[in-house]
$ cat run_33.tsv   # TSV, C-alpha atoms
chain	number	residue	atom	x	y	z
A	1	MET	CA	-34.32	-24.70	10.26
A	2	LEU	CA	-33.37	-23.82	13.83
A	3	SER	CA	-29.80	-25.01	13.28
A	4	ASN	CA	-29.47	-22.70	10.24
A	5	LYS	CA	-30.59	-19.75	12.36
A	6	LEU	CA	-28.07	-20.66	15.06
A	7	LEU	CA	-25.28	-20.88	12.48
A	8	LEU	CA	-26.21	-17.48	11.04
A	9	ALA	CA	-26.31	-15.93	14.51
A	10	ALA	CA	-22.90	-17.41	15.36
A	11	ALA	CA	-21.42	-16.17	12.08
A	12	ARG	CA	-22.66	-12.63	12.74
A	13	GLY	CA	-20.86	-12.66	16.10
A	14	ARG	CA	-17.48	-12.99	14.39
A	15	ALA	CA	-16.74	-9.58	12.97
A	16	VAL	CA	-14.34	-9.40	10.07
A	17	GLN	CA	-11.28	-7.36	10.92
A	18	SER	CA	-9.01	-5.86	8.32
A	19	TRP	CA	-5.83	-3.95	7.71
A	20	LEU	CA	-4.92	-1.87	4.65
A	21	GLY	CA	-1.33	-0.83	4.13
A	22	ASN	CA	1.27	0.30	1.67
A	23	VAL	CA	4.40	-1.79	1.30
A	24	GLU	CA	7.62	-0.74	-0.38
A	25	CYS	CA	9.91	-3.64	-1.21
A	26	GLU	CA	13.54	-2.78	-1.97
A	27	LEU	CA	15.41	-4.41	-4.83
A	28	VAL	CA	18.00	-6.41	-2.88
A	29	LYS	CA	19.24	-8.89	-5.49
A	30	TRP	CA	19.75	-8.13	-9.14
A	31	ASP	CA	22.45	-10.52	-10.25
A	32	GLY	CA	21.89	-13.75	-12.08
A	33	PRO	CA	18.61	-14.85	-13.60
A	34	SER	CA	16.31	-13.28	-10.99
A	35	LEU	CA	15.51	-10.06	-9.19
A	36	MET	CA	14.40	-10.08	-5.54
A	37	PHE	CA	12.33	-7.38	-3.87
A	38	LEU	CA	12.14	-7.43	-0.07
A	39	TYR	CA	10.29	-5.76	2.75
A	40	GLY	CA	11.83	-6.73	6.07
A	41	SER	CA	10.65	-5.39	9.41
A	42	GLN	CA	12.94	-2.99	11.28
A	43	ALA	CA	12.17	-5.00	14.44
A	44	SER	CA	13.28	-8.32	12.97
A	45	PRO	CA	16.45	-9.71	14.56
A	46	TRP	CA	16.99	-11.74	11.38
A	47	LEU	CA	17.30	-8.68	9.13
A	48	SER	CA	19.79	-6.14	10.36
A	49	GLY	CA	18.20	-2.71	9.93
A	50	GLY	CA	15.23	-3.84	7.87
A	51	PHE	CA	14.45	-3.31	4.19
A	52	GLY	CA	11.73	-1.21	2.60
A	53	THR	CA	8.80	0.34	4.43
A	54	LEU	CA	5.33	-0.62	5.58
A	55	HIS	CA	2.70	1.93	6.55
A	56	PRO	CA	0.81	1.63	8.76
A	57	LEU	CA	2.29	-1.30	10.63
A	58	LEU	CA	-0.03	-4.28	11.09
A	59	GLU	CA	0.50	-4.15	14.87
A	60	THR	CA	-1.42	-0.85	14.95
A	61	VAL	CA	-4.61	-2.91	14.48
A	62	LYS	CA	-3.47	-6.39	15.59
A	63	ALA	CA	-1.18	-5.76	18.54
A	64	ASP	CA	0.29	-9.27	18.79
A	65	THR	CA	1.29	-9.75	15.13
A	66	GLN	CA	3.65	-8.04	12.69
A	67	ILE	CA	4.43	-8.50	9.03
A	68	ALA	CA	8.02	-9.67	9.21
A	69	GLU	CA	8.82	-10.02	5.51
A	70	VAL	CA	7.39	-9.76	2.02
A	71	VAL	CA	9.64	-11.45	-0.55
A	72	ILE	CA	8.90	-11.20	-4.27
A	73	SER	CA	11.22	-12.60	-6.93
A	74	VAL	CA	10.90	-12.10	-10.66
A	75	ASP	CA	12.68	-13.58	-13.66
A	76	ALA	CA	15.15	-10.92	-14.87
A	77	ALA	CA	14.55	-11.71	-18.55
A	78	THR	CA	10.76	-11.95	-18.63
A	79	ILE	CA	9.89	-9.86	-15.53
A	80	PHE	CA	7.39	-12.56	-14.55
A	81	MET	CA	7.02	-13.28	-10.85
A	82	THR	CA	8.60	-16.56	-9.73
A	83	GLU	CA	8.14	-16.35	-5.92
A	84	CYS	CA	5.94	-14.50	-3.46
A	85	TYR	CA	6.28	-15.14	0.29
A	86	LEU	CA	4.62	-13.45	3.29
A	87	TYR	CA	6.03	-13.95	6.81
A	88	PHE	CA	4.44	-12.98	10.13
A	89	ASP	CA	5.99	-12.74	13.63
A	90	ASN	CA	4.62	-12.50	17.15
A	91	VAL	CA	5.00	-9.14	18.87
A	92	PRO	CA	6.80	-8.41	21.18
A	93	SER	CA	8.53	-11.82	21.51
A	94	LEU	CA	9.58	-12.46	17.94
A	95	GLN	CA	9.21	-16.00	16.68
A	96	TYR	CA	10.20	-16.07	13.03
A	97	GLY	CA	7.48	-17.46	10.83
A	98	ILE	CA	4.18	-17.83	12.65
A	99	ARG	CA	0.90	-18.93	11.15
A	100	PHE	CA	-1.78	-16.23	11.19
A	101	GLU	CA	-4.58	-18.73	11.94
A	102	LYS	CA	-7.58	-16.46	11.35
A	103	LEU	CA	-6.28	-14.81	8.16
A	104	ASN	CA	-8.74	-15.62	5.39
A	105	LYS	CA	-8.20	-13.10	2.59
A	106	ILE	CA	-5.41	-11.08	0.99
A	107	ILE	CA	-6.17	-8.39	-1.58
A	108	ILE	CA	-3.31	-6.92	-3.62
A	109	HIS	CA	-4.07	-3.63	-5.35
A	110	SER	CA	-2.87	-2.75	-8.83
A	111	THR	CA	-0.41	0.10	-9.33
A	112	THR	CA	-1.55	0.54	-12.93
A	113	GLY	CA	-5.28	1.03	-12.35
A	114	GLY	CA	-6.32	-2.59	-12.95
A	115	GLU	CA	-8.56	-4.78	-10.81
A	116	PRO	CA	-7.15	-6.00	-7.48
A	117	PHE	CA	-5.97	-9.60	-7.07
A	118	THR	CA	-7.68	-11.56	-4.29
A	119	ILE	CA	-6.40	-14.67	-2.53
A	120	SER	CA	-9.42	-16.10	-0.73
A	121	ASP	CA	-8.08	-19.38	0.63
A	122	VAL	CA	-4.99	-18.03	2.37
A	123	GLN	CA	-4.57	-20.93	4.81
A	124	SER	CA	-4.03	-23.33	1.90
A	125	CYS	CA	-0.91	-21.26	1.05
A	126	TRP	CA	0.82	-22.06	4.36
A	127	ASP	CA	4.30	-23.52	3.82
A	128	ASN	CA	5.12	-25.60	6.87
A	129	ILE	CA	8.79	-26.01	5.91
A	130	ASN	CA	9.59	-22.31	5.34
A	131	MET	CA	7.09	-21.15	8.01
A	132	CYS	CA	5.44	-18.59	5.73
A	133	TYR	CA	2.61	-18.13	3.28
A	134	ASP	CA	3.69	-19.07	-0.24
A	135	LEU	CA	1.33	-16.87	-2.25
A	136	PHE	CA	2.82	-17.61	-5.66
A	137	SER	CA	0.55	-18.88	-8.42
A	138	GLU	CA	0.59	-18.58	-12.20
A	139	ASP	CA	-2.52	-16.40	-11.88
A	140	LEU	CA	-0.70	-14.02	-9.52
A	141	ALA	CA	2.34	-13.95	-11.84
A	142	ASN	CA	0.17	-13.08	-14.86
A	143	TRP	CA	-1.76	-10.46	-12.89
A	144	GLY	CA	1.46	-8.95	-11.50
A	145	PHE	CA	3.00	-8.64	-14.97
A	146	THR	CA	0.30	-6.17	-16.04
A	147	ASN	CA	-0.72	-4.69	-12.67
A	148	LEU	CA	2.53	-3.99	-10.77
A	149	THR	CA	5.39	-1.72	-11.75
A	150	ALA	CA	8.86	-1.67	-10.27
A	151	GLY	CA	12.20	0.03	-10.52
A	152	SER	CA	14.59	0.02	-7.58
A	153	THR	CA	11.50	-0.52	-5.41
A	154	LEU	CA	8.23	-2.39	-5.80
A	155	ASP	CA	5.44	-0.42	-4.11
A	156	PHE	CA	1.85	-1.58	-3.75
A	157	THR	CA	-1.13	-1.52	-1.42
A	158	PHE	CA	-2.55	-4.66	0.07
A	159	GLU	CA	-5.23	-5.70	2.52
A	160	LEU	CA	-5.54	-8.49	5.04
A	161	GLU	CA	-8.86	-9.77	6.39
A	162	TRP	CA	-9.34	-12.07	9.35
A	163	THR	CA	-12.03	-13.10	11.84
$ encode --input "run_33.tsv" --output "structure tokens"
Amino acid sequence: MLSNKLLLAAARGRAVQSWLGNVECELVKWDGPSLMFLYGSQASPWLSGGFGTLHPLLETVKADTQIAEVVISVDAATIFMTECYLYFDNVPSLQYGIRFEKLNKIIIHSTTGGEPFTISDVQSCWDNINMCYDLFSEDLANWGFTNLTAGSTLDFTFELEWT
């Protein structure tokens, strides 16, 4: 009984922090069987000039971390999502592809008025080879087909939560 109270008290001490932002991914590849939409940070030395926009920047609430890239690919024929990657960097000394250890939830909001899509076990999405979060799932692809719209850009709102 006492140990349960101690665990509850410890859990209350860790406040959940969050960020809510709008991302605009530019259509950067449209040849062949797939389309690729990309947000790439202006500060990234790996992407000359950046792609798309992000507002507000994550570093406005988490000073040592930036969203470096959001990469979403879709099948050109079916318009079903085939890839979804999220990359973070350290700020100010960029280190491409860092793990955001305390990140525990991502919520992607619909652009068509549908329910948001929640990824609750974000750390299980970590891709150690590509040094990013591989968020793709069949559930996300199905949700995205009816809840995201795109033309030359793919715009949506998403949230990050961490402790």
$ closest_residue --input "run_33.tsv" --among "A:Arg14, A:His55, A:His109, A:Lys29" --to "Asn147 of chain A" --atoms "all atoms listed in the file"
A:His109
$ closest_residue --input "run_33.tsv" --among "A:Asp89, A:Glu138, A:Glu26, A:Asp31" --to "Gln66 of chain A" --atoms "only C-alpha atoms"
A:Asp89
$ closest_residue --input "run_33.tsv" --among "A:Gly40, A:Pro56, A:Gly113, A:Gly97" --to "Trp19 of chain A" --atoms "all atoms listed in the file"
A:Pro56
$ residues_around --input "run_33.tsv" --residues "Asn90 of chain A" --least-positions-apart "4" --cutoff "8 Å" --atoms "only C-alpha atoms" --output "ChimeraX atom specification"
/A:64-66,94-96,98
$ atom_distance --input "run_33.tsv" --atom1 "atom CA of Lys62 of chain A" --atom2 "atom CA of Ser41 of chain A"
15.4 Å
$ axis_aligned_box --input "run_33.tsv" --around "segment 113-131 of chain A" --padding-each-side "5 Å" --output "JSON"
{"center_x": 0.1, "center_y": -12.5, "center_z": -2.5, "size_x": 29.0, "size_y": 37.0, "size_z": 31.0}
$ atom_distance --input "run_33.tsv" --atom1 "atom CA of Phe158 of chain A" --atom2 "atom CA of Asn22 of chain A"
6.5 Å
$ atom_distance --input "run_33.tsv" --atom1 "atom CA of Leu38 of chain A" --atom2 "atom CA of Lys102 of chain A"
24.5 Å
$ closest_residue --input "run_33.tsv" --among "A:Ala68, A:Ile79, A:Ala15, A:Ile106" --to "Phe145 of chain A" --atoms "all atoms listed in the file"
A:Ile79
$ residues_around --input "run_33.tsv" --residues "Pro116 of chain A" --least-positions-apart "3" --cutoff "12 Å" --atoms "all atoms listed in the file" --output "list in words"
Ile106, Ile107, Ile108, His109, Ser110, Thr111, Thr112, Gly113, Ile119, Leu140, Trp143, Gly144, Thr146, Asn147, Leu148, Phe156, Thr157, Phe158 and Glu159 of chain A
$ closest_residue --input "run_33.tsv" --among "A:Ser152, A:Thr118, A:Gln42, A:Ser73" --to "Leu54 of chain A" --atoms "all atoms listed in the file"
A:Gln42
$ closest_residue --input "run_33.tsv" --among "A:Asp121, A:Glu24, A:Asp139, A:Asp127" --to "Ile72 of chain A" --atoms "all atoms listed in the file"
A:Glu24
$ residues_around --input "run_33.tsv" --residues "Val122 of chain A" --least-positions-apart "2" --cutoff "10 Å" --atoms "all atoms listed in the file" --output "list in words"
Phe100, Glu101, Lys102, Leu103, Asn104, Lys105, Ile106, Thr118, Ile119, Ser120, Ser124, Cys125, Trp126, Tyr133, Asp134, Leu135, Leu160 and Glu161 of chain A
$ residues_around --input "run_33.tsv" --residues "Ala76 of chain A" --least-positions-apart "6" --cutoff "7 Å" --atoms "all atoms listed in the file" --output "ChimeraX atom specification"
/A:33-35
